[in-house]
Structure formats: C-alpha cells, structure tokens
$ cat work.txt   # compact mmCIF, C-alpha atoms
# COMPACT_ATOMS: atom_id res chain seq x y z
CA MET C 1200 15.77 -63.78 -45.60
CA LEU C 1201 12.17 -63.98 -46.87
CA LYS C 1202 10.93 -64.42 -43.29
CA HIS C 1203 12.76 -61.29 -42.31
CA THR C 1204 11.25 -59.23 -45.15
CA ILE C 1205 7.74 -60.41 -44.26
CA SER C 1206 8.10 -59.32 -40.65
CA GLU C 1207 9.36 -55.93 -41.81
CA LEU C 1208 6.36 -55.55 -44.10
CA LYS C 1209 4.04 -56.49 -41.22
CA GLU C 1210 5.60 -53.82 -39.07
CA ALA C 1211 5.15 -51.28 -41.86
CA LEU C 1212 1.45 -52.19 -42.12
CA ILE C 1213 0.99 -51.71 -38.38
CA CYS C 1214 2.59 -48.27 -38.62
CA LEU C 1215 0.39 -47.27 -41.56
CA GLU C 1216 -2.73 -48.33 -39.67
CA ALA C 1217 -1.89 -45.98 -36.79
CA GLY C 1218 -1.86 -43.00 -39.14
CA GLN C 1219 0.01 -39.81 -38.29
CA VAL C 1220 1.10 -39.72 -34.65
CA THR C 1221 3.32 -36.59 -34.58
CA LEU C 1222 2.20 -32.97 -34.79
CA PRO C 1223 2.74 -30.91 -37.92
CA TYR C 1224 3.92 -28.15 -35.55
CA PRO C 1225 6.65 -26.08 -37.23
CA PHE C 1226 4.63 -25.95 -40.47
CA GLN C 1227 1.34 -25.19 -38.80
CA PRO C 1228 0.82 -23.05 -35.68
CA HIS C 1229 0.17 -24.99 -32.51
CA PRO C 1230 -1.78 -23.06 -29.88
CA PRO C 1231 -1.00 -24.20 -26.32
CA GLU C 1232 -3.82 -25.41 -24.16
CA GLY C 1233 -5.47 -24.24 -20.98
CA GLU C 1234 -3.61 -22.15 -18.43
CA PHE C 1235 -0.44 -21.87 -20.45
CA ARG C 1236 1.90 -19.17 -19.18
CA GLY C 1237 3.62 -17.44 -22.09
CA LYS C 1238 5.07 -14.01 -22.73
CA PRO C 1239 3.68 -11.39 -20.30
CA VAL C 1240 1.64 -8.61 -21.86
CA LEU C 1241 1.10 -5.25 -20.17
CA ASN C 1242 -2.13 -3.37 -20.67
CA SER C 1243 -0.77 0.14 -20.23
CA ARG C 1244 -4.27 1.61 -20.13
CA LYS C 1245 -5.07 -0.22 -16.91
CA CYS C 1246 -1.59 -0.03 -15.35
CA MET C 1247 -1.04 2.66 -12.72
CA SER C 1248 2.67 1.92 -12.29
CA CYS C 1249 2.42 1.13 -8.60
CA GLY C 1250 5.34 -1.28 -8.63
CA ALA C 1251 3.55 -4.30 -7.18
CA CYS C 1252 4.79 -6.45 -10.09
CA ALA C 1253 8.36 -5.24 -9.62
CA ASN C 1254 8.14 -6.17 -5.93
CA ALA C 1255 6.81 -9.63 -6.74
CA CYS C 1256 9.09 -10.57 -9.68
CA PRO C 1257 11.60 -13.21 -8.50
CA ALA C 1258 13.88 -12.60 -11.49
CA ARG C 1259 13.92 -8.84 -10.80
CA LEU C 1260 13.33 -8.06 -14.46
CA ILE C 1261 10.74 -5.33 -13.91
CA SER C 1262 12.27 -1.99 -13.11
CA ILE C 1263 10.66 1.28 -12.09
CA GLN C 1264 12.60 4.49 -12.49
CA ASP C 1265 11.55 8.01 -11.68
CA ASN C 1266 13.12 10.57 -13.98
CA GLY C 1267 11.94 14.13 -13.57
CA SER C 1268 8.17 14.09 -13.85
CA ILE C 1269 8.04 10.73 -15.66
CA ARG C 1270 8.02 7.24 -14.19
CA THR C 1271 9.21 4.53 -16.55
CA LEU C 1272 8.11 0.96 -16.07
CA SER C 1273 10.20 -1.49 -18.06
CA PHE C 1274 10.19 -5.25 -18.45
CA ASN C 1275 13.31 -7.06 -19.61
CA LEU C 1276 11.75 -10.34 -20.73
CA ARG C 1277 15.05 -12.04 -21.50
CA ARG C 1278 15.17 -13.16 -17.88
CA CYS C 1279 11.48 -14.04 -17.58
CA THR C 1280 10.71 -17.47 -16.11
CA PHE C 1281 6.96 -17.20 -16.85
CA CYS C 1282 6.08 -17.79 -13.20
CA GLY C 1283 3.05 -15.48 -13.36
CA LEU C 1284 3.71 -13.80 -10.00
CA CYS C 1285 3.50 -10.34 -11.62
CA ARG C 1286 0.04 -11.17 -12.91
CA ASP C 1287 -1.06 -12.41 -9.49
CA ALA C 1288 0.32 -9.33 -7.73
CA CYS C 1289 -1.15 -6.75 -10.10
CA PRO C 1290 -4.04 -4.98 -8.33
CA GLN C 1291 -5.32 -3.58 -11.64
CA GLU C 1292 -5.18 -6.87 -13.54
CA ALA C 1293 -3.12 -5.07 -16.16
CA ILE C 1294 -0.70 -7.95 -16.73
CA THR C 1295 -1.77 -11.07 -18.56
CA LEU C 1296 0.32 -14.01 -19.68
CA SER C 1297 -0.31 -14.58 -23.36
CA SER C 1298 -0.09 -17.92 -25.12
CA GLN C 1299 2.92 -16.76 -27.12
CA PHE C 1300 5.90 -19.06 -26.53
CA GLU C 1301 8.08 -18.62 -29.60
CA LEU C 1302 10.24 -15.82 -28.25
CA SER C 1303 13.46 -16.14 -30.24
CA THR C 1304 14.18 -12.92 -32.06
CA VAL C 1305 16.99 -10.96 -33.64
CA THR C 1306 15.78 -7.62 -32.26
CA PRO C 1307 16.20 -7.40 -28.46
CA GLU C 1308 13.52 -4.69 -28.33
CA ASP C 1309 10.91 -7.39 -28.93
CA LEU C 1310 11.72 -8.75 -25.48
CA SER C 1311 11.19 -5.55 -23.56
CA ILE C 1312 8.13 -3.56 -22.59
CA HIS C 1313 8.26 0.14 -21.78
CA ALA C 1314 5.52 2.32 -20.40
CA GLU C 1315 5.70 5.89 -19.17
CA PHE C 1316 3.50 7.52 -16.55
CA GLY C 1317 3.23 11.06 -15.27
CA LEU C 1318 4.19 11.65 -11.64
CA VAL C 1319 2.44 13.76 -9.05
CA ASN C 1320 4.52 15.90 -6.74
CA CYS C 1321 3.51 17.13 -3.31
CA ARG C 1322 1.91 20.52 -3.75
CA GLU C 1323 3.71 21.90 -0.69
CA CYS C 1324 7.25 20.52 -0.88
CA GLY C 1325 7.51 18.92 -4.33
CA LYS C 1326 8.34 15.39 -3.16
CA VAL C 1327 7.12 12.59 -5.46
CA ILE C 1328 4.03 10.90 -4.02
CA GLY C 1329 2.95 8.61 -6.85
CA THR C 1330 1.76 8.49 -10.41
CA GLN C 1331 -1.18 10.49 -11.70
CA ARG C 1332 -3.19 7.31 -12.13
CA GLN C 1333 -2.56 6.18 -8.56
CA VAL C 1334 -3.75 9.53 -7.22
CA ALA C 1335 -6.77 9.59 -9.56
CA LEU C 1336 -7.67 6.04 -8.53
CA VAL C 1337 -7.48 6.89 -4.83
CA LYS C 1338 -9.65 9.99 -5.31
CA ASP C 1339 -12.14 8.01 -7.34
CA LYS C 1340 -12.36 5.16 -4.81
CA LEU C 1341 -12.75 7.54 -1.87
CA GLN C 1342 -15.53 9.52 -3.51
CA THR C 1343 -17.56 6.49 -4.51
CA CYS C 1344 -17.21 4.52 -1.26
CA GLU C 1345 -19.75 4.56 1.57
CA PRO C 1346 -19.70 6.97 3.35
CA GLY C 1347 -18.09 9.19 0.76
CA PHE C 1348 -15.08 11.34 1.52
CA ASP C 1349 -16.12 14.77 0.30
CA ASP C 1350 -12.79 16.42 0.82
CA THR C 1351 -9.97 14.52 -0.83
CA GLY C 1352 -7.77 17.61 -1.21
CA TYR C 1353 -5.15 16.09 1.09
CA VAL C 1354 -4.39 13.32 -1.39
CA ASP C 1355 -1.73 15.26 -3.31
CA LEU C 1356 0.38 15.94 -0.22
CA CYS C 1357 3.41 13.93 0.88
CA ASN C 1358 3.46 12.15 4.24
CA SER C 1359 5.25 14.83 6.23
CA CYS C 1360 3.10 17.60 4.76
CA LYS C 1361 -0.05 15.61 5.60
CA ARG C 1362 1.11 15.27 9.21
CA ARG C 1363 1.30 19.05 9.38
CA ALA C 1364 -1.71 19.97 7.26
CA PHE C 1365 -4.47 17.93 8.92
CA ILE C 1366 -4.89 20.48 11.72
CA HIS C 1367 -6.11 23.04 9.16
CA ASN C 1368 -8.64 20.69 7.59
CA PRO C 1369 -12.08 20.81 9.26
CA ALA C 1370 -13.04 17.51 7.60
CA LEU C 1371 -10.21 15.74 9.42
CA LEU C 1372 -10.25 17.52 12.76
CA MET C 1373 -13.52 18.01 14.58
CA GLU C 1374 -14.01 19.82 17.85
CA VAL C 1375 -15.46 17.63 20.56
CA LYS C 1376 -18.50 18.96 22.35
CA ALA C 1377 -17.63 18.72 26.02
CA MET R 95 -16.59 2.38 22.71
CA LYS R 96 -13.09 1.32 21.87
CA LYS R 97 -10.12 2.57 23.80
CA MET R 98 -8.17 5.30 22.05
CA ILE R 99 -5.05 7.39 22.32
CA PHE R 100 -5.30 10.96 23.57
CA CYS R 101 -2.50 13.12 22.27
CA ASP R 102 -1.63 16.41 23.96
CA ILE R 103 0.47 18.24 21.41
CA SER R 104 1.51 21.00 23.83
CA ARG R 105 3.24 18.42 26.04
CA CYS R 106 5.34 16.70 23.39
CA ASP R 107 8.99 17.78 23.56
CA ASN R 108 10.33 15.62 20.70
CA CYS R 109 12.31 13.30 22.98
CA GLY R 110 11.74 10.41 20.56
CA GLU R 111 11.00 7.78 23.22
CA CYS R 112 7.73 6.79 21.50
CA VAL R 113 9.50 6.37 18.16
CA SER R 114 12.18 4.09 19.58
CA ALA R 115 9.62 2.16 21.64
CA CYS R 116 7.60 1.59 18.45
CA ALA R 117 10.73 0.40 16.64
CA ARG R 118 11.56 -1.99 19.50
CA GLU R 119 8.05 -3.41 19.43
CA HIS R 120 7.98 -3.85 15.63
CA TYR R 121 11.40 -5.32 14.83
CA GLY R 122 13.02 -1.98 14.02
CA ARG R 123 10.24 -0.67 11.80
CA ASN R 124 8.61 2.20 13.59
CA SER R 125 5.23 3.48 12.46
CA MET R 126 5.30 6.35 14.95
CA PHE R 127 6.64 9.69 13.78
CA ILE R 128 7.10 13.12 15.29
CA GLN R 129 6.39 16.03 13.00
CA PRO R 130 7.70 19.47 14.04
CA VAL R 131 5.22 22.30 13.36
CA SER R 132 6.35 25.82 14.28
CA ASP R 133 7.15 25.56 18.03
CA PHE R 134 5.28 22.32 18.60
CA PHE R 135 5.72 18.66 17.79
CA ILE R 136 2.87 16.51 16.54
CA PRO R 137 3.16 12.80 17.36
CA ALA R 138 1.86 11.36 14.11
CA ASN R 139 0.58 7.82 14.31
CA CYS R 140 -2.42 6.01 12.90
CA ARG R 141 -5.83 7.27 14.04
CA HIS R 142 -7.58 3.96 13.38
CA CYS R 143 -10.44 5.86 11.74
CA GLU R 144 -13.88 4.28 11.87
CA HIS R 145 -14.30 4.62 8.10
CA SER R 146 -10.71 4.26 7.04
CA PRO R 147 -9.59 5.53 3.64
CA CYS R 148 -6.76 2.97 3.62
CA VAL R 149 -9.21 0.08 4.01
CA GLU R 150 -11.44 1.54 1.29
CA VAL R 151 -8.68 1.77 -1.32
CA CYS R 152 -6.76 -1.44 -0.60
CA PRO R 153 -7.17 -3.66 -3.69
CA THR R 154 -6.07 -6.91 -2.04
CA GLY R 155 -7.81 -6.72 1.33
CA ALA R 156 -4.48 -6.61 3.17
CA CYS R 157 -5.49 -3.45 4.99
CA SER R 158 -8.38 -4.36 7.21
CA ARG R 159 -10.23 -3.34 10.33
CA THR R 160 -10.78 -5.84 13.11
CA ASP R 161 -13.90 -6.01 15.29
CA SER R 162 -12.00 -4.36 18.11
CA GLY R 163 -11.42 -1.33 15.88
CA VAL R 164 -7.74 -1.77 15.05
CA VAL R 165 -6.78 -1.07 11.43
CA SER R 166 -3.72 -3.02 10.36
CA ILE R 167 -1.93 -4.26 7.25
CA ALA R 168 -1.37 -7.98 6.80
CA SER R 169 2.08 -7.99 5.18
CA MET R 170 1.54 -11.40 3.60
CA LYS R 171 -1.37 -10.04 1.54
CA CYS R 172 0.13 -6.62 0.78
CA VAL R 173 1.52 -6.22 -2.74
CA GLY R 174 3.11 -2.83 -2.05
CA CYS R 175 0.99 -0.71 -4.39
CA GLN R 176 1.11 2.25 -1.96
CA LEU R 177 -2.50 3.30 -2.55
CA CYS R 178 -3.11 3.25 1.21
CA ALA R 179 -0.18 5.60 1.78
CA ILE R 180 -1.64 8.05 -0.73
CA ALA R 181 -5.15 7.72 0.72
CA CYS R 182 -4.15 8.24 4.36
CA PRO R 183 -5.06 11.81 5.39
CA PHE R 184 -2.61 11.80 8.32
CA GLY R 185 0.55 10.51 6.65
CA ALA R 186 0.65 7.52 8.97
CA ILE R 187 1.38 4.83 6.36
CA TRP R 188 4.88 4.42 4.98
CA PHE R 189 6.40 2.13 2.38
CA ASP R 190 8.99 -0.32 3.63
CA ALA R 191 11.35 -0.53 0.64
CA LEU R 192 13.24 -3.46 2.21
CA ASP R 193 10.25 -5.79 2.50
CA LYS R 194 8.27 -4.12 -0.33
CA VAL R 195 5.13 -3.69 1.74
CA SER R 196 3.29 -0.77 3.28
CA ARG R 197 3.48 -0.54 7.04
CA LYS R 198 1.40 1.22 9.61
CA CYS R 199 0.66 1.34 13.32
CA ASP R 200 -1.27 -1.73 14.52
CA GLU R 201 -1.83 -0.27 17.99
CA CYS R 202 0.55 -2.95 19.32
CA LYS R 203 -1.89 -5.82 18.83
CA GLU R 204 0.34 -8.23 20.74
CA ARG R 205 0.43 -5.93 23.76
CA LEU R 206 -3.32 -5.28 23.63
CA ALA R 207 -3.90 -9.03 23.77
CA TYR R 208 -2.22 -8.97 27.21
CA ASP R 209 -4.24 -5.90 28.28
CA LEU R 210 -1.20 -3.62 28.05
CA GLU R 211 -1.22 -0.12 26.59
CA PRO R 212 0.55 0.52 23.25
CA ALA R 213 4.34 0.81 23.44
CA CYS R 214 4.40 4.53 22.47
CA VAL R 215 2.02 5.42 25.31
CA LYS R 216 4.02 3.33 27.75
CA ALA R 217 7.23 5.10 26.71
CA CYS R 218 5.75 8.61 27.00
CA VAL R 219 6.22 8.65 30.75
CA PRO R 220 7.73 11.98 31.81
CA GLN R 221 5.61 14.12 29.47
CA HIS R 222 2.33 12.20 29.34
CA ALA R 223 1.69 13.63 25.90
CA LEU R 224 0.13 10.30 24.92
CA VAL R 225 -2.52 8.77 27.15
CA TYR R 226 -4.47 5.60 26.43
CA GLY R 227 -7.97 5.07 27.75
CA GLU R 228 -11.70 4.93 27.22
CA TYR R 229 -13.20 7.77 25.19
CA GLU R 230 -15.54 8.92 27.98
CA ASP R 231 -12.83 8.82 30.63
CA LEU R 232 -10.46 10.88 28.50
CA LEU R 233 -13.21 13.39 27.74
CA LYS R 234 -14.20 13.68 31.40
CA ASP R 235 -10.58 14.16 32.43
CA ALA R 236 -10.17 16.92 29.84
CA ARG R 237 -13.35 18.60 31.01
CA ASP R 238 -12.08 18.58 34.60
CA ARG R 239 -8.85 20.21 33.49
CA GLY R 240 -10.79 22.67 31.36
CA ILE R 241 -9.10 22.03 28.03
CA HIS R 242 -10.55 21.90 24.54
CA LEU R 243 -10.29 18.67 22.64
CA ASN R 244 -10.45 17.84 18.98
CA ILE R 245 -11.02 14.49 17.43
CA SER R 246 -8.87 13.50 14.51
CA ARG R 247 -10.96 11.51 12.09
CA ALA R 248 -11.69 10.67 8.49
CA GLY R 249 -14.92 9.81 6.72
CA GLY R 250 -17.22 10.69 9.60
CA GLY R 251 -15.88 8.14 12.09
CA SER R 252 -14.02 8.53 15.33
CA GLY R 253 -10.25 8.50 15.42
CA MET R 254 -7.80 9.88 17.93
CA LEU R 255 -8.37 12.57 20.54
CA ILE R 256 -6.04 15.49 20.11
CA ARG R 257 -5.44 18.68 22.01
CA ILE R 258 -4.39 21.41 19.63
CA PRO R 259 -2.49 24.09 21.56
CA ALA R 260 -3.55 27.69 21.03
CA GLY R 261 -0.22 28.95 19.78
CA ILE R 262 0.14 26.46 16.91
CA ASP R 263 0.53 28.00 13.48
CA LYS R 264 -2.99 27.72 12.10
CA GLU R 265 -2.17 29.25 8.74
CA GLY R 266 1.30 28.30 7.52
CA GLY R 267 1.72 24.83 8.96
$ encode --input "work.txt" --output "structure tokens"
Amino acid sequence: MLKHTISELKEALICLEAGQVTLPYPFQPHPPEGEFRGKPVLNSRKCMSCGACANACPARLISIQDNGSIRTLSFNLRRCTFCGLCRDACPQEAITLSSQFELSTVTPEDLSIHAEFGLVNCRECGKVIGTQRQVALVKDKLQTCEPGFDDTGYVDLCNSCKRRAFIHNPALLMEVKA
Amino acid sequence: MKKMIFCDISRCDNCGECVSACAREHYGRNSMFIQPVSDFFIPANCRHCEHSPCVEVCPTGACSRTDSGVVSIASMKCVGCQLCAIACPFGAIWFDALDKVSRKCDECKERLAYDLEPACVKACVPQHALVYGEYEDLLKDARDRGIHLNISRAGGGSGMLIRIPAGIDKEGG
C-alpha cells in the first residue's frame, strides 16, 4: 500500500517537473502558423469580377450572376474546403486566405461574401461584354504597353460587332502599298 | 517573313466549310467564324498580330506568341478571365463556357508541324476566299491580278491580308 502511494507521488513529481504541456487555447487566442489556409477574404477594390475564381472553385461555391446592369459575385463559404484554388486563380490577387478558422456562427450571412460590379454593354447591340473594371483594365494595359495602342475605342464592342467594325477603323486596317 | 492567310471577302459565300473544318481540327470547338456584313461575308479568324493585344493583357501568360509568329492560348494556364476576348480588336477570341477557358485560332499548329496549310484554308476549295502563303507571294499575286489589298493588324504589326470589296458598307457595318 505504502509502496503504491510512493510510486504515485513520484509520478506526480515527474508531471510537475514537465510544467504545462497543453495550450490554453479556448481562453486565449491561438494564431495559426505559416501558410495556414483559413476563411477566404475578397478585396472588392482589386476584384474585377472576371469569374476566374468561380471557374477554379472545386466546391462550386462562388457564383456570378448578371442581373440588368449589375454583376453580383457571391461566395457561399459554408461549402468551402479552404483549398486555396480561388486565390491561385485570381489574376488580380484580390482573394487572400485569412488565418481565421473559427467559423461557427448563428448568422448565416457571416459565411457569405457579396460584391456588386457594374456591367458594360456593347455600344452597338447592347450585349454584355464584361464588367466596367475589366474594360478599364484592358484599356489601361493596352495604353501603357509597348508599343502603345492609341485607339482602344473597339474595346466596348461585342465579338460580332468587332468582326464587322474593324473595316471602318484605320488603326486596324491598313492599305498595303503595292 | 512568316506565312499568312490572305482573305478575299468578295469570294466568301458563307458555305461554312471553314467553320466545320476548324471544328473537326479542334475537337468540336471552332475558332473560325463567318460574319455577314451587308451583302458580304467576312471570315473572322485570328490575325496573329505582331504586337498582340491579347498577349499584352493576359495576366497569367497563357496567351503567348511563339517564335514562328503563332499566337495561341495554353488552356492549362488560362484561368478564364476573358480579358483577351475584350482586348481582341477582331472578335476572334471566345469563351468556352464548358471548359472555362478562352479559346482562339492557333493556326492549326499540329498541321503546320507537318508543313500543311491550316484546316480552314484547306477546306475553302471551290471559292478560294482563303489562301495561305508567303507575304511577298500573296502581294505579287494580287498585284498581277490588279486588286487592292489591306492588311488587318493591331499595334503596328502585321496581321492578315484582306481584300475589302468595293461594295461593302463602309458606313453602317
């Protein structure tokens, strides 16, 4: 009996020597380390709503809907697997994966992201060609590249109107000196 | 200089052989289109511009120009952002909603490797609206026949030789 108590006391001493081995996590915040992939965050200032993330998402939780002159980009994060493919696909680097991992909530709105973007319609036929930011980005890139494209007036035309309109544009059709 | 396509708009009669040949060559996804304009039909494919707007705007480097002058989209790198389709002045790039990538004419790279002409040119047999050849040869041939040629281009580079017929609607389009 005494022998047994002594061995128990010894074990208790060993445990005390080791100090605290578990984390105080629920009582103190515990930031994850390194390349942790948590809740996706959309920077709607950078986003141009091109749909690359929606194409890449394996859980199909990113939806893009055109309604009138507004394009709505929405994330339904309840299905998110935190794979990070949307971040990798984004050409604007507008999506980042935060370190937030405590996602349980009583308000479902916390797990969705909505962003609205203005659409550009073809100036001839009215067909949707893209968002205002996409068109502005294309114009910007074309004017600053080398050699610059002086005339980017064709950018706000749809494909079939472009196929017709290029014959009227002297910048796109040059007569060959025979 | 690189070989290019010469397109005689007055000869095209919208038979659609080039479109179906393109679809056969590219697993059902044709990047060749025919656009009716007043009484004429414009075969609308990629011009492979020397300074291509699509290559300039592509954020991932999927749209690139090879040394032989062919502009093509590598579907494995394409994220489907459609910037190239907006930037193309000729409406030659379209978005494949099934595969979620942009697609365009690659001048039948596989056929060119075997020294064959592109499938659309091969299919345009009775009309000869599309002819494939060296720039100088095409120009000389046109000079012999006494016709005016235009070059379809973007950003100062060479593209595709085109004959614009006189009767085409210059204003309305």
$ residues_around --input "work.txt" --residues "C:Ile1263" --least-positions-apart "3" --cutoff "7 Å" --atoms "all atoms listed in the file" --output "VMD selection string"
chain C and resid 1250 1270 to 1273
$ interface_residues --input "work.txt" --of "chain R" --to "chain C" --cutoff "7 Å" --atoms "all atoms listed in the file" --output "PDB file with C-alpha atoms, keeping the file's coordinate frame"
ATOM      1  CA  GLN R 129       6.390  16.030  13.000  1.00  0.00           C
ATOM      2  CA  VAL R 131       5.220  22.300  13.360  1.00  0.00           C
ATOM      3  CA  ALA R 138       1.860  11.360  14.110  1.00  0.00           C
ATOM      4  CA  PRO R 147      -9.590   5.530   3.640  1.00  0.00           C
ATOM      5  CA  GLU R 150     -11.440   1.540   1.290  1.00  0.00           C
ATOM      6  CA  VAL R 151      -8.680   1.770  -1.320  1.00  0.00           C
ATOM      7  CA  PRO R 153      -7.170  -3.660  -3.690  1.00  0.00           C
ATOM      8  CA  THR R 154      -6.070  -6.910  -2.040  1.00  0.00           C
ATOM      9  CA  VAL R 173       1.520  -6.220  -2.740  1.00  0.00           C
ATOM     10  CA  GLY R 174       3.110  -2.830  -2.050  1.00  0.00           C
ATOM     11  CA  CYS R 175       0.990  -0.710  -4.390  1.00  0.00           C
ATOM     12  CA  GLN R 176       1.110   2.250  -1.960  1.00  0.00           C
ATOM     13  CA  LEU R 177      -2.500   3.300  -2.550  1.00  0.00           C
ATOM     14  CA  ILE R 180      -1.640   8.050  -0.730  1.00  0.00           C
ATOM     15  CA  ALA R 181      -5.150   7.720   0.720  1.00  0.00           C
ATOM     16  CA  PRO R 183      -5.060  11.810   5.390  1.00  0.00           C
ATOM     17  CA  PHE R 184      -2.610  11.800   8.320  1.00  0.00           C
ATOM     18  CA  GLY R 185       0.550  10.510   6.650  1.00  0.00           C
ATOM     19  CA  LYS R 194       8.270  -4.120  -0.330  1.00  0.00           C
ATOM     20  CA  ARG R 237     -13.350  18.600  31.010  1.00  0.00           C
ATOM     21  CA  LEU R 243     -10.290  18.670  22.640  1.00  0.00           C
ATOM     22  CA  ASN R 244     -10.450  17.840  18.980  1.00  0.00           C
ATOM     23  CA  ILE R 245     -11.020  14.490  17.430  1.00  0.00           C
ATOM     24  CA  SER R 246      -8.870  13.500  14.510  1.00  0.00           C
ATOM     25  CA  ARG R 247     -10.960  11.510  12.090  1.00  0.00           C
ATOM     26  CA  ALA R 248     -11.690  10.670   8.490  1.00  0.00           C
ATOM     27  CA  GLY R 249     -14.920   9.810   6.720  1.00  0.00           C
ATOM     28  CA  LYS R 264      -2.990  27.720  12.100  1.00  0.00           C
ATOM     29  CA  GLY R 267       1.720  24.830   8.960  1.00  0.00           C
TER      30      GLY R 267
END
$ atom_distance --input "work.txt" --atom1 "atom CA of C:Ile1294" --atom2 "atom CA of C:Ile1312"
11.5 Å
$ closest_residue --input "work.txt" --among "R:Ser132, R:Ser196, R:Asn139, R:Ser104" --to "R:Pro212" --atoms "all atoms listed in the file"
R:Asn139
$ residues_around --input "work.txt" --residues "R:Glu111" --least-positions-apart "6" --cutoff "10 Å" --atoms "all atoms listed in the file" --output "PyMOL selection string"
chain R and resi 117+213-219
$ atom_distance --input "work.txt" --atom1 "atom CA of C:Glu1315" --atom2 "atom CA of C:Ser1243"
8.7 Å
$ residues_around --input "work.txt" --residues "R:Cys152" --least-positions-apart "4" --cutoff "8 Å" --atoms "only C-alpha atoms" --output "list of chain:residue names"
R:Cys148, R:Ala156, R:Cys157, R:Leu177, R:Cys178
$ residues_around --input "work.txt" --residues "R:Ile99" --least-positions-apart "3" --cutoff "10 Å" --atoms "all atoms listed in the file" --output "MDAnalysis selection string"
chainID R and resid 102 139:142 201 211:212 214:215 223:229 232 253:256
$ atom_distance --input "work.txt" --atom1 "atom CA of C:Leu1276" --atom2 "atom CA of C:Leu1260"
6.9 Å
$ decode --input "work.txt" --residues "stretch 149-162 of chain R" --atoms "N, CA and C atoms" --output "PDB file, in the first residue's frame"
ATOM      1  N   VAL R 149      -1.991  39.112 -75.982  1.00  0.00           N
ATOM      2  CA  VAL R 149      -0.778  38.729 -75.246  1.00  0.00           C
ATOM      3  C   VAL R 149      -0.432  39.796 -74.209  1.00  0.00           C
ATOM      4  N   GLU R 150      -0.673  41.073 -74.590  1.00  0.00           N
ATOM      5  CA  GLU R 150      -0.348  42.169 -73.669  1.00  0.00           C
ATOM      6  C   GLU R 150      -1.196  42.116 -72.399  1.00  0.00           C
ATOM      7  N   VAL R 151      -2.484  41.772 -72.528  1.00  0.00           N
ATOM      8  CA  VAL R 151      -3.357  41.862 -71.357  1.00  0.00           C
ATOM      9  C   VAL R 151      -3.412  40.575 -70.540  1.00  0.00           C
ATOM     10  N   CYS R 152      -2.944  39.449 -71.081  1.00  0.00           N
ATOM     11  CA  CYS R 152      -3.099  38.182 -70.363  1.00  0.00           C
ATOM     12  C   CYS R 152      -2.337  38.220 -69.040  1.00  0.00           C
ATOM     13  N   PRO R 153      -3.032  38.042 -67.899  1.00  0.00           N
ATOM     14  CA  PRO R 153      -2.346  38.142 -66.612  1.00  0.00           C
ATOM     15  C   PRO R 153      -1.551  36.895 -66.234  1.00  0.00           C
ATOM     16  N   THR R 154      -1.829  35.764 -66.870  1.00  0.00           N
ATOM     17  CA  THR R 154      -1.172  34.521 -66.453  1.00  0.00           C
ATOM     18  C   THR R 154      -0.114  34.051 -67.442  1.00  0.00           C
ATOM     19  N   GLY R 155       0.000  34.700 -68.579  1.00  0.00           N
ATOM     20  CA  GLY R 155       0.958  34.242 -69.579  1.00  0.00           C
ATOM     21  C   GLY R 155       0.463  33.056 -70.379  1.00  0.00           C
ATOM     22  N   ALA R 156      -0.855  32.779 -70.312  1.00  0.00           N
ATOM     23  CA  ALA R 156      -1.396  31.658 -71.083  1.00  0.00           C
ATOM     24  C   ALA R 156      -1.430  31.986 -72.567  1.00  0.00           C
ATOM     25  N   CYS R 157      -1.702  33.268 -72.859  1.00  0.00           N
ATOM     26  CA  CYS R 157      -1.769  33.709 -74.241  1.00  0.00           C
ATOM     27  C   CYS R 157      -0.373  34.162 -74.638  1.00  0.00           C
ATOM     28  N   SER R 158       0.210  33.455 -75.575  1.00  0.00           N
ATOM     29  CA  SER R 158       1.605  33.776 -75.890  1.00  0.00           C
ATOM     30  C   SER R 158       1.849  33.655 -77.386  1.00  0.00           C
ATOM     31  N   ARG R 159       2.964  34.243 -77.800  1.00  0.00           N
ATOM     32  CA  ARG R 159       3.336  34.246 -79.207  1.00  0.00           C
ATOM     33  C   ARG R 159       4.603  33.429 -79.371  1.00  0.00           C
ATOM     34  N   THR R 160       4.568  32.461 -80.264  1.00  0.00           N
ATOM     35  CA  THR R 160       5.748  31.625 -80.475  1.00  0.00           C
ATOM     36  C   THR R 160       6.706  32.328 -81.432  1.00  0.00           C
ATOM     37  N   ASP R 161       7.913  31.767 -81.563  1.00  0.00           N
ATOM     38  CA  ASP R 161       8.914  32.364 -82.449  1.00  0.00           C
ATOM     39  C   ASP R 161       8.452  32.355 -83.894  1.00  0.00           C
ATOM     40  N   SER R 162       7.632  31.354 -84.243  1.00  0.00           N
ATOM     41  CA  SER R 162       7.168  31.278 -85.625  1.00  0.00           C
ATOM     42  C   SER R 162       6.007  32.234 -85.888  1.00  0.00           C
TER      43      SER R 162
END
